[in-house]
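Next up, my_file.txt (compact mmCIF, C-alpha atoms):
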```txt
# COMPACT_ATOMS: atom_id res chain seq x y z
CA MET A 1 83.51 97.77 88.30
CA LEU A 2 81.63 96.75 91.40
CA VAL A 3 78.32 98.49 91.93
CA ILE A 4 75.61 98.33 94.57
CA PRO A 5 72.25 98.05 92.82
CA PHE A 6 69.10 99.48 94.37
CA ARG A 7 65.63 100.21 93.17
CA LEU A 8 63.20 103.06 93.45
CA GLY A 9 59.72 101.87 92.55
CA ALA A 10 60.08 100.12 89.21
CA GLU A 11 63.36 101.85 88.32
CA HIS A 12 66.77 100.31 88.88
CA PHE A 13 69.79 102.31 89.94
CA ALA A 14 73.33 101.51 91.03
CA LEU A 15 75.97 103.22 93.12
CA PRO A 16 79.69 102.60 92.49
CA ALA A 17 81.02 100.50 95.35
CA THR A 18 84.15 102.65 95.56
CA VAL A 19 82.21 105.45 97.26
CA VAL A 20 80.74 103.16 99.90
CA GLN A 21 82.28 103.25 103.36
CA LYS A 22 79.72 101.09 105.08
CA ILE A 23 76.26 99.61 104.53
CA ILE A 24 74.07 99.44 107.60
CA PRO A 25 70.50 98.25 108.12
CA TYR A 26 67.71 100.77 108.14
CA VAL A 27 67.44 102.47 111.49
CA ALA A 28 65.11 105.37 112.03
CA PRO A 29 67.13 108.61 111.99
CA ARG A 30 66.23 111.29 114.51
CA GLN A 31 63.99 113.62 112.60
CA VAL A 32 64.78 117.30 112.40
CA SER A 33 61.69 119.44 112.23
CA GLY A 34 61.32 122.19 109.67
CA VAL A 35 63.74 120.85 107.07
CA ALA A 36 63.14 119.49 103.59
CA PRO A 37 61.26 116.17 103.42
CA TRP A 38 64.20 114.45 101.72
CA PHE A 39 66.31 115.08 104.82
CA SER A 40 65.51 112.00 106.91
CA GLY A 41 67.28 113.24 109.99
CA VAL A 42 70.45 112.47 111.83
CA LEU A 43 71.81 109.13 112.90
CA LEU A 44 74.16 108.39 115.76
CA LEU A 45 76.80 106.17 114.20
CA SER A 46 79.81 105.07 116.27
CA GLY A 47 79.41 108.11 118.46
CA GLN A 48 79.22 110.55 115.52
CA MET A 49 76.20 112.39 114.19
CA VAL A 50 75.60 111.50 110.54
CA PRO A 51 72.99 113.28 108.40
CA VAL A 52 70.79 110.91 106.40
CA VAL A 53 69.28 111.79 103.04
CA ASP A 54 66.31 109.93 101.57
CA VAL A 55 67.44 109.34 98.00
CA ALA A 56 64.02 108.06 96.96
CA MET A 57 62.49 111.36 98.01
CA LEU A 58 65.08 113.31 96.06
CA LEU A 59 64.84 111.25 92.90
CA VAL A 60 61.22 110.22 92.61
CA GLY A 61 59.43 112.20 95.30
CA THR A 62 58.30 109.29 97.47
CA LYS A 63 59.73 108.24 100.80
CA ALA A 64 61.85 105.11 100.93
CA ARG A 65 59.86 102.13 102.12
CA ARG A 66 60.73 100.76 105.53
CA GLU A 67 61.70 97.22 104.61
CA LEU A 68 64.50 94.87 105.52
CA SER A 69 66.12 95.52 102.14
CA THR A 70 66.08 99.28 102.78
CA ARG A 71 69.51 100.23 104.03
CA ILE A 72 71.67 103.23 104.70
CA ILE A 73 74.87 103.56 102.71
CA ILE A 74 77.51 105.61 104.47
CA VAL A 75 79.71 107.72 102.18
CA ASP A 76 82.64 110.00 102.92
CA CYS A 77 81.88 113.71 102.58
CA SER A 78 84.75 115.11 104.61
CA GLN A 79 86.02 117.06 101.58
CA LEU A 80 82.61 118.60 100.95
CA PHE A 81 81.35 119.79 104.30
CA SER A 82 83.18 120.93 107.37
CA GLY A 83 80.43 120.11 109.85
CA PHE A 84 80.39 116.36 109.31
CA SER A 85 82.57 113.80 107.59
CA GLN A 86 80.05 111.09 106.76
CA LEU A 87 76.70 111.11 105.06
CA GLY A 88 73.99 108.44 105.02
CA LEU A 89 72.08 107.66 101.83
CA LEU A 90 68.77 105.93 102.50
CA LEU A 91 68.19 103.49 99.66
CA GLU A 92 65.69 100.75 98.89
CA GLY A 93 66.18 97.23 97.64
CA ILE A 94 69.82 96.66 98.51
CA THR A 95 70.34 92.92 98.49
CA SER A 96 73.49 92.31 96.47
CA ALA A 97 76.46 93.71 94.60
CA MET A 98 77.16 93.41 90.88
CA ASP A 99 80.35 93.35 88.89
CA ILE A 100 79.94 95.08 85.57
CA ALA A 101 82.36 95.90 82.78
CA VAL A 102 83.14 99.61 82.43
CA ALA A 103 82.80 99.19 78.68
CA ASP A 104 79.17 98.22 79.18
CA ILE A 105 78.30 101.59 80.73
CA SER A 106 76.74 104.02 78.30
CA THR A 107 77.61 107.60 79.23
CA GLY A 108 76.23 109.52 76.26
CA LEU A 109 73.10 110.82 77.95
CA ASN A 110 74.43 113.38 80.43
CA MET A 111 71.96 116.20 80.93
CA LYS A 112 72.08 119.40 82.94
CA ALA A 113 68.87 118.53 84.74
CA THR A 114 70.30 115.27 86.03
CA PRO A 115 73.77 116.03 87.40
CA TRP A 116 73.61 112.78 89.35
CA PHE A 117 73.42 110.64 86.19
CA ARG A 118 76.72 109.01 85.30
CA GLY A 119 75.56 106.51 82.72
CA SER A 120 73.42 103.45 82.29
CA PHE A 121 73.97 99.79 81.70
CA GLU A 122 71.90 96.71 81.07
CA HIS A 123 71.97 93.74 83.38
CA GLY A 124 69.64 90.80 83.17
CA GLN A 125 66.44 92.23 81.79
CA SER A 126 66.76 95.59 83.50
CA ILE A 127 68.40 98.91 82.70
CA TYR A 128 70.32 100.44 85.58
CA GLN A 129 71.14 104.10 85.99
CA LEU A 130 74.51 104.78 87.56
CA LEU A 131 74.22 107.35 90.33
CA ASP A 132 76.75 109.98 91.33
CA TRP A 133 75.58 110.78 94.84
CA ARG A 134 77.44 114.09 94.88
CA GLY A 135 75.53 115.39 91.91
CA LEU A 136 72.28 114.46 93.62
CA VAL A 137 72.87 115.49 97.19
CA VAL A 138 75.58 118.09 97.58
CA GLY A 139 73.72 120.99 95.98
CA GLU A 140 70.56 120.27 97.92
CA LEU A 141 72.38 119.77 101.18
CA SER A 142 74.46 122.91 100.73
CA SER A 143 71.32 124.96 100.31
CA LEU A 144 70.10 123.52 103.60
CA MET A 145 73.21 124.46 105.53
CA ALA A 146 73.49 127.87 107.11
CA ASP A 147 77.19 128.34 106.53
CA GLU A 148 78.39 125.40 104.52
CA GLY A 149 79.65 125.31 100.99
CA ILE A 150 80.81 122.79 98.49
CA MET B 1 54.12 91.31 106.52
CA ALA B 2 53.62 87.58 106.42
CA GLN B 3 56.07 85.49 104.49
CA ASP B 4 53.24 83.71 102.70
CA THR B 5 52.15 86.90 100.99
CA LEU B 6 55.64 87.49 99.60
CA ILE B 7 56.42 84.14 98.04
CA ALA B 8 53.91 82.72 95.63
CA GLU B 9 52.47 79.39 96.60
CA PRO B 10 52.85 76.62 95.87
CA TYR B 11 56.60 76.82 96.37
CA CYS B 12 57.99 75.31 93.18
CA TRP B 13 60.93 73.78 94.98
CA LYS B 14 58.53 71.79 97.15
CA GLN B 15 56.32 70.79 94.24
CA THR B 16 58.58 70.01 91.34
CA GLY B 17 62.01 70.75 92.76
CA VAL B 18 64.41 68.73 94.85
CA TRP B 19 61.97 68.75 97.78
CA GLY B 20 59.14 67.64 95.48
CA ASP B 21 58.89 65.15 92.67
CA ARG B 22 62.00 66.51 90.85
CA SER B 23 60.06 66.97 87.62
CA CYS B 24 61.16 70.58 87.09
CA PRO B 25 62.93 70.86 83.70
CA GLU B 26 65.31 73.49 85.13
CA LEU B 27 66.91 70.84 87.33
CA VAL B 28 68.68 69.48 84.25
CA HIS B 29 70.82 72.67 84.16
CA GLU B 30 70.65 73.86 87.75
CA ILE B 31 71.17 70.44 89.42
CA HIS B 32 69.74 71.77 92.70
CA CYS B 33 67.08 74.34 93.57
CA HIS B 34 69.73 76.25 95.50
CA ASN B 35 71.26 77.22 92.14
CA CYS B 36 67.99 78.31 90.55
CA PRO B 37 67.23 82.06 90.08
CA ALA B 38 63.63 81.42 91.14
CA PHE B 39 64.81 80.13 94.51
CA ALA B 40 67.24 83.04 94.93
CA MET B 41 64.55 85.54 94.01
CA ALA B 42 62.18 84.03 96.55
CA GLY B 43 64.88 84.35 99.19
CA ARG B 44 65.48 87.99 98.37
CA ARG B 45 61.81 88.73 98.56
CA LEU B 46 61.94 87.82 102.22
CA LEU B 47 63.81 91.09 102.61
CA ASP B 48 60.74 92.94 101.37
CA ARG B 49 59.19 92.46 104.80
CA GLN B 50 58.94 95.31 107.22
CA PRO B 51 61.49 95.03 110.00
CA ASP B 52 60.39 94.29 113.51
CA PRO B 53 60.59 97.40 115.74
CA ALA B 54 62.80 95.48 118.17
CA TYR B 55 65.19 94.71 115.30
CA ILE B 56 65.48 98.41 114.47
CA GLU B 57 66.01 99.35 118.10
CA GLU B 58 68.71 96.72 118.50
CA TRP B 59 70.60 97.98 115.47
CA GLN B 60 70.12 101.57 116.52
CA ARG B 61 71.73 100.78 119.85
CA ARG B 62 74.60 98.84 118.31
CA LEU B 63 75.39 101.40 115.66
CA ALA B 64 75.38 104.25 118.14
CA GLU B 65 78.07 102.69 120.31
CA PRO B 66 81.40 104.48 120.00
CA PRO B 67 84.20 102.37 118.56
CA ALA B 68 86.06 100.31 121.12
CA LYS B 69 89.11 102.13 122.38
CA ALA B 70 92.45 100.52 121.82
CA LEU B 71 93.21 98.29 124.73
CA ALA B 72 96.15 100.16 126.16
CA GLY B 73 98.52 98.28 128.40
CA GLN B 74 97.57 94.87 127.08
CA ILE B 75 99.58 92.39 125.09
CA SER B 76 98.29 89.58 122.92
CA LEU B 77 99.73 86.15 123.46
CA VAL B 78 99.21 82.88 121.65
CA VAL B 79 98.95 80.20 124.32
CA PHE B 80 99.77 76.54 123.81
CA SER B 81 100.68 73.50 125.87
CA MET B 82 103.42 70.91 125.69
CA ASN B 83 103.62 67.94 128.03
CA GLY B 84 100.96 69.36 130.30
CA GLN B 85 102.67 72.72 130.74
CA TRP B 86 101.38 75.97 129.34
CA PHE B 87 103.50 78.37 127.32
CA ALA B 88 102.90 81.53 125.35
CA LEU B 89 104.58 83.54 122.62
CA GLU B 90 103.79 87.07 121.56
CA VAL B 91 101.21 86.95 118.83
CA SER B 92 103.39 89.06 116.53
CA VAL B 93 105.62 86.03 115.81
CA PHE B 94 102.72 83.61 115.31
CA ARG B 95 101.70 82.75 111.75
CA GLU B 96 99.45 79.69 111.78
CA ASN B 97 98.77 76.34 113.35
CA GLY B 98 97.26 73.08 112.20
CA TYR B 99 97.33 69.34 112.61
CA SER B 100 100.77 67.82 112.83
CA LEU B 101 102.59 67.02 109.63
CA PRO B 102 105.03 64.19 108.98
CA VAL B 103 108.65 65.18 109.51
CA ARG B 104 111.34 64.03 107.07
CA ARG B 105 114.59 63.64 108.96
CA VAL B 106 117.76 65.03 107.43
CA PRO B 107 120.62 62.52 107.73
CA GLY B 108 123.52 63.93 109.68
CA LYS B 109 121.61 67.06 110.64
CA SER B 110 118.52 66.00 112.57
CA ASN B 111 118.89 66.00 116.33
CA ALA B 112 116.68 66.33 119.39
CA VAL B 113 115.87 69.97 118.64
CA PHE B 114 116.17 70.19 114.87
CA ARG B 115 113.95 67.39 113.67
CA GLY B 116 113.97 67.73 109.90
CA LEU B 117 111.83 69.05 107.09
CA VAL B 118 108.09 69.43 106.78
CA ASN B 119 106.10 70.00 103.61
CA LEU B 120 103.47 72.63 104.31
CA ARG B 121 101.36 73.18 101.20
CA GLY B 122 104.37 72.69 98.99
CA GLU B 123 106.71 74.82 101.06
CA LEU B 124 109.58 73.03 102.78
CA LEU B 125 109.99 74.29 106.32
CA LEU B 126 112.47 73.48 109.05
CA ALA B 127 110.80 71.55 111.87
CA TYR B 128 111.98 71.85 115.45
CA SER B 129 111.12 70.34 118.79
CA LEU B 130 110.46 73.25 121.08
CA ARG B 131 109.74 70.88 123.95
CA SER B 132 113.21 69.35 123.63
CA LEU B 133 114.77 72.78 123.64
CA ILE B 134 112.87 74.07 126.64
CA ASN B 135 113.01 70.98 128.80
CA PRO B 136 114.75 67.89 127.44
CA GLU B 137 113.60 65.83 130.42
CA LEU B 138 109.97 66.47 129.68
CA ALA B 139 110.50 65.62 126.04
CA ALA B 140 112.12 62.33 127.05
CA ASP B 141 109.18 61.57 129.34
CA ASP B 142 106.80 61.79 126.42
CA THR B 143 106.71 58.16 125.37
CA THR B 144 103.52 58.37 123.34
CA SER B 145 104.89 59.96 120.22
CA ASP B 146 107.62 62.13 118.87
CA ASP B 147 104.98 64.47 117.49
CA GLY B 148 102.44 66.64 119.20
CA LEU B 149 98.90 66.80 117.94
CA ARG B 150 99.32 70.16 116.29
CA PHE B 151 102.02 72.29 114.75
CA MET B 152 102.67 75.96 115.20
CA LEU B 153 104.40 78.05 112.58
CA CYS B 154 106.16 81.20 113.77
CA GLU B 155 108.26 83.81 112.04
CA HIS B 156 111.05 85.81 113.57
CA GLU B 157 113.32 88.24 111.75
CA GLY B 158 112.29 86.82 108.39
CA ARG B 159 112.91 83.16 109.27
CA ARG B 160 110.13 80.65 109.79
CA TYR B 161 110.08 78.01 112.52
CA LEU B 162 107.68 75.11 112.73
CA PHE B 163 107.33 73.05 115.90
CA ASP B 164 104.82 70.65 117.38
CA VAL B 165 102.66 71.34 120.40
CA ASP B 166 99.92 69.41 122.15
CA VAL B 167 97.16 72.01 122.35
CA THR B 168 96.78 75.55 121.09
CA LEU B 169 94.50 77.59 123.28
CA GLY B 170 94.39 80.58 120.95
CA VAL B 171 95.09 84.26 121.31
CA VAL B 172 94.65 85.74 124.77
CA ARG B 173 94.89 89.41 125.79
CA VAL B 174 96.72 89.94 129.02
CA PRO B 175 97.20 93.19 130.95
CA GLU B 176 100.91 93.91 131.11
CA GLY B 177 100.57 94.47 134.83
CA GLU B 178 99.67 90.82 135.33
CA LEU B 179 102.99 89.63 133.96
CA SER B 180 105.47 88.68 136.65
CA MET B 181 109.14 87.77 136.63
CA PRO B 182 109.93 84.05 136.89
CA PRO B 183 111.19 82.93 140.32
CA ALA B 184 114.92 83.58 140.65
CA ASN B 185 115.59 80.42 142.61
CA VAL B 186 114.39 78.07 139.89
CA GLY B 187 117.37 76.94 137.90
CA LEU B 188 115.77 74.74 135.29
CA ALA B 189 116.74 75.19 131.70
CA MET B 190 113.15 76.09 130.98
CA ASP B 191 113.55 79.35 132.79
CA SER B 192 116.34 80.48 130.54
CA TYR B 193 113.68 80.93 127.87
CA THR B 194 110.92 82.23 130.14
CA ALA B 195 110.64 85.99 130.03
CA ARG B 196 107.58 86.38 132.23
CA LEU B 197 104.93 84.34 134.00
CA VAL B 198 101.24 85.06 133.86
CA ARG B 199 98.41 83.48 135.79
CA MET B 200 95.42 82.56 133.68
CA ASP B 201 92.21 80.87 134.65
CA HIS B 202 93.44 77.39 134.08
CA ALA B 203 97.14 77.50 134.90
CA GLU B 204 100.41 79.36 135.18
CA VAL B 205 101.62 80.26 131.71
CA ALA B 206 105.26 80.87 130.83
CA LEU B 207 105.71 83.67 128.31
CA LEU B 208 108.73 82.66 126.26
CA ASP B 209 111.40 85.12 125.21
CA SER B 210 110.99 84.80 121.46
CA SER B 211 114.44 86.21 120.60
CA ARG B 212 116.19 83.68 122.79
CA VAL B 213 113.98 80.77 121.74
CA PHE B 214 114.41 81.34 118.03
CA ALA B 215 118.13 82.02 118.39
CA ALA B 216 118.48 78.67 120.17
CA LEU B 217 116.47 76.90 117.48
CA GLU B 218 118.73 78.46 114.89
CA ARG B 219 121.82 77.18 116.72
CA ALA B 220 120.37 73.65 116.76
CA ASN B 221 120.27 73.72 112.99
CA SER B 222 123.77 75.09 112.41
```
Please render this file's structure as structure tokens.
Amino acid sequence: MLVIPFRLGAEHFALPATVVQKIIPYVAPRQVSGVAPWFSGVLLLSGQMVPVVDVAMLLVGTKARRELSTRIIIVDCSQLFSGFSQLGLLLEGITSAMDIAVADISTGLNMKATPWFRGSFEHGQSIYQLLDWRGLVVGELSSLMADEGI
Amino acid sequence: MAQDTLIAEPYCWKQTGVWGDRSCPELVHEIHCHNCPAFAMAGRRLLDRQPDPAYIEEWQRRLAEPPAKALAGQISLVVFSMNGQWFALEVSVFRENGYSLPVRRVPGKSNAVFRGLVNLRGELLLAYSLRSLINPELAADDTTSDDGLRFMLCEHEGRRYLFDVDVTLGVVRVPEGELSMPPANVGLAMDSYTARLVRMDHAEVALLDSSRVFAALERANS
């Protein structure tokens, strides 16, 4: 299973590569005033407006650092929202991809408070938490939309 | 952020690594600093720098551009030359090209057009002389060699044809409106295979009728 590892502070996370449509460098999204701080803004991507969510803000409460390794992962959300078909996830520390065995992923720690958590695995000397972006973002984003639903 | 603050000095690869005195014990396993995790980690830490504002603006501009629209009314041709003349085939029949390969003649079968067999990465392919087919006089004038410098491999209706050419220019997009009919008063054999003519920067290019060309190559082998 190919995953895209990223880090938030000292914690390591990973996103399954199957959900990734595109990885682009960090570009400053157009900010939208009056919305939640985890909503970074909107990005003009190939002529389409794409909302961008700061995953660091959602998960650990601090804004993603503006570094060269901070990137925006574009995922498909056409089945979730009618107003837009792509979503940008602002993530830190994206420098590589990793191939891990599915058998190495421990999934026994699912909790109601962390619907985004899909398991954990060890790689090198670090423990990675596998992220389900839908569990993290969709509920929050739906509450932000005036007439959108899951 | 300065690079020096991101990578601890002294750089081990310059002190004890392959750019230093080579005393690093890790070199026994890693052979070269390029293979060492410490070197890779140092490289990744370069990405911990803040991006230049101009870099962000450049990407912002590029990413915002709408996807290129399909180039309607254009056809893609692979252009090549034989004996100083330029020819083209539709790119849909083109498979690959490369440096010429030795041709093994087939006794009793090889002729001016069907030349023999070629071993391309273990696959035996039928080799033809397109120049002999299109203009036997030009082929006879070529006294330097029986082979061109390069080969082209094409596929038509499931059959593969390999022939030698002198130069491959590559794939060129041409507006269909720039294609013209060959002159009616030219009666050379070459024109029986020329479907259209197109003027490019360097020369007049004859777009070959692939169906007729490959049918003629097939006949040469039967």
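Using all atoms listed in the file, the shortest contact distance between chain A and any of B:Val174, B:Val205, B:Ala40, B:Leu179 is found at B:Ala40.
We find atom CA of Gln85 of chain B and atom CA of Ala203 of chain B to be spaced 8.4 Å apart.
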Inset, instruction - Take atom CA of Asp104 of chain A and atom CA of Asp132 of chain A and report the distance between them in Å, one decimal. - result: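 For atom CA of Asp104 of chain A relative to atom CA of Asp132 of chain A, the distance reads 17.1 Å.
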Provide as a CSV table (one decimal) with C-alpha atoms, in the frame of the given file the residues of chain B at most 7 Å from chain A, counting only C-alpha atoms.
```
chain,number,residue,atom,x,y,z
B,44,ARG,CA,65.5,88.0,98.4
B,47,LEU,CA,63.8,91.1,102.6
B,48,ASP,CA,60.7,92.9,101.4
B,49,ARG,CA,59.2,92.5,104.8
B,50,GLN,CA,58.9,95.3,107.2
B,51,PRO,CA,61.5,95.0,110.0
B,56,ILE,CA,65.5,98.4,114.5
B,59,TRP,CA,70.6,98.0,115.5
B,60,GLN,CA,70.1,101.6,116.5
B,63,LEU,CA,75.4,101.4,115.7
B,64,ALA,CA,75.4,104.2,118.1
B,65,GLU,CA,78.1,102.7,120.3
B,66,PRO,CA,81.4,104.5,120.0
B,67,PRO,CA,84.2,102.4,118.6
```
Might you pull out every residue within 8 Å of Leu91 of chain A, with only C-alpha atoms counted and same-chain residues fewer than 2 positions away left off, and present them as a ChimeraX atom specification?
/A:6-8,54-56,64,70-73,89,93-94
Just to be explicit: take each residue in the selection above, keep C-alpha atoms, and write the result as a PDB file, in the coordinates of the input.
```pdb
ATOM      1  CA  PHE A   6      69.100  99.480  94.370  1.00  0.00           C
ATOM      2  CA  ARG A   7      65.630 100.210  93.170  1.00  0.00           C
ATOM      3  CA  LEU A   8      63.200 103.060  93.450  1.00  0.00           C
ATOM      4  CA  ASP A  54      66.310 109.930 101.570  1.00  0.00           C
ATOM      5  CA  VAL A  55      67.440 109.340  98.000  1.00  0.00           C
ATOM      6  CA  ALA A  56      64.020 108.060  96.960  1.00  0.00           C
ATOM      7  CA  ALA A  64      61.850 105.110 100.930  1.00  0.00           C
ATOM      8  CA  THR A  70      66.080  99.280 102.780  1.00  0.00           C
ATOM      9  CA  ARG A  71      69.510 100.230 104.030  1.00  0.00           C
ATOM     10  CA  ILE A  72      71.670 103.230 104.700  1.00  0.00           C
ATOM     11  CA  ILE A  73      74.870 103.560 102.710  1.00  0.00           C
ATOM     12  CA  LEU A  89      72.080 107.660 101.830  1.00  0.00           C
ATOM     13  CA  GLY A  93      66.180  97.230  97.640  1.00  0.00           C
ATOM     14  CA  ILE A  94      69.820  96.660  98.510  1.00  0.00           C
TER      15      ILE A  94
END
```
Taking 4 positions as the minimum chain separation for residues in the same chain, which residues sit within 8 Å of Tyr161 of chain B when counting all atoms listed in the file? Answer as a PyMOL selection string. chain B and resi 125-128+153-156+214
What does the file look like for those residues with C-alpha atoms, as a compact mmCIF listing (two decimals), keeping the file's coordinate frame?
```
# COMPACT_ATOMS: atom_id res chain seq x y z
CA LEU B 125 109.99 74.29 106.32
CA LEU B 126 112.47 73.48 109.05
CA ALA B 127 110.80 71.55 111.87
CA TYR B 128 111.98 71.85 115.45
CA LEU B 153 104.40 78.05 112.58
CA CYS B 154 106.16 81.20 113.77
CA GLU B 155 108.26 83.81 112.04
CA HIS B 156 111.05 85.81 113.57
CA PHE B 214 114.41 81.34 118.03
```
Report, in Å to a single decimal, how far apart atom CA of Thr114 of chain A and atom CA of Gly41 of chain A are.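 Answer for the atom CA of Gly41 of chain A to atom CA of Thr114 of chain A separation: 24.2 Å.
Shell of Arg95 of chain B at 12 Å, with all atoms listed in the file counted and residues fewer than 3 places along the chain excluded, is Val78, Leu89, Glu90, Val91, Ser92, Gly98, Phe151, Met152, Leu153, Cys154, Glu155, His156, Gly158, Arg159, Arg160, Tyr161, Leu162, Phe163, Gly170 and Val171 of chain B.
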Near Pro51 of chain A, counting only C-alpha atoms, which residues have an atom at most 8 Å away, once you skip same-chain residues fewer than 2 positions from it, shown as a list in words?
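The residues that qualify are Phe39, Ser40, Gly41, Val42, Leu43, Met49, Val53, Gln86, Leu87 and Gly88 of chain A.
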What's the 8 Å shell around Pro182 of chain B, counting only C-alpha atoms, without same-chain residues fewer than 4 positions away, as a PyMOL selection string?
chain B and resi 191+194-197
| query | Of the residues B:Cys12, B:Asn35, B:Leu207, B:Phe94, which is the one nearest to Ser81 of chain B, using only C-alpha atoms? | reply |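 Closest to Ser81 of chain B of all the choices is B:Leu207.
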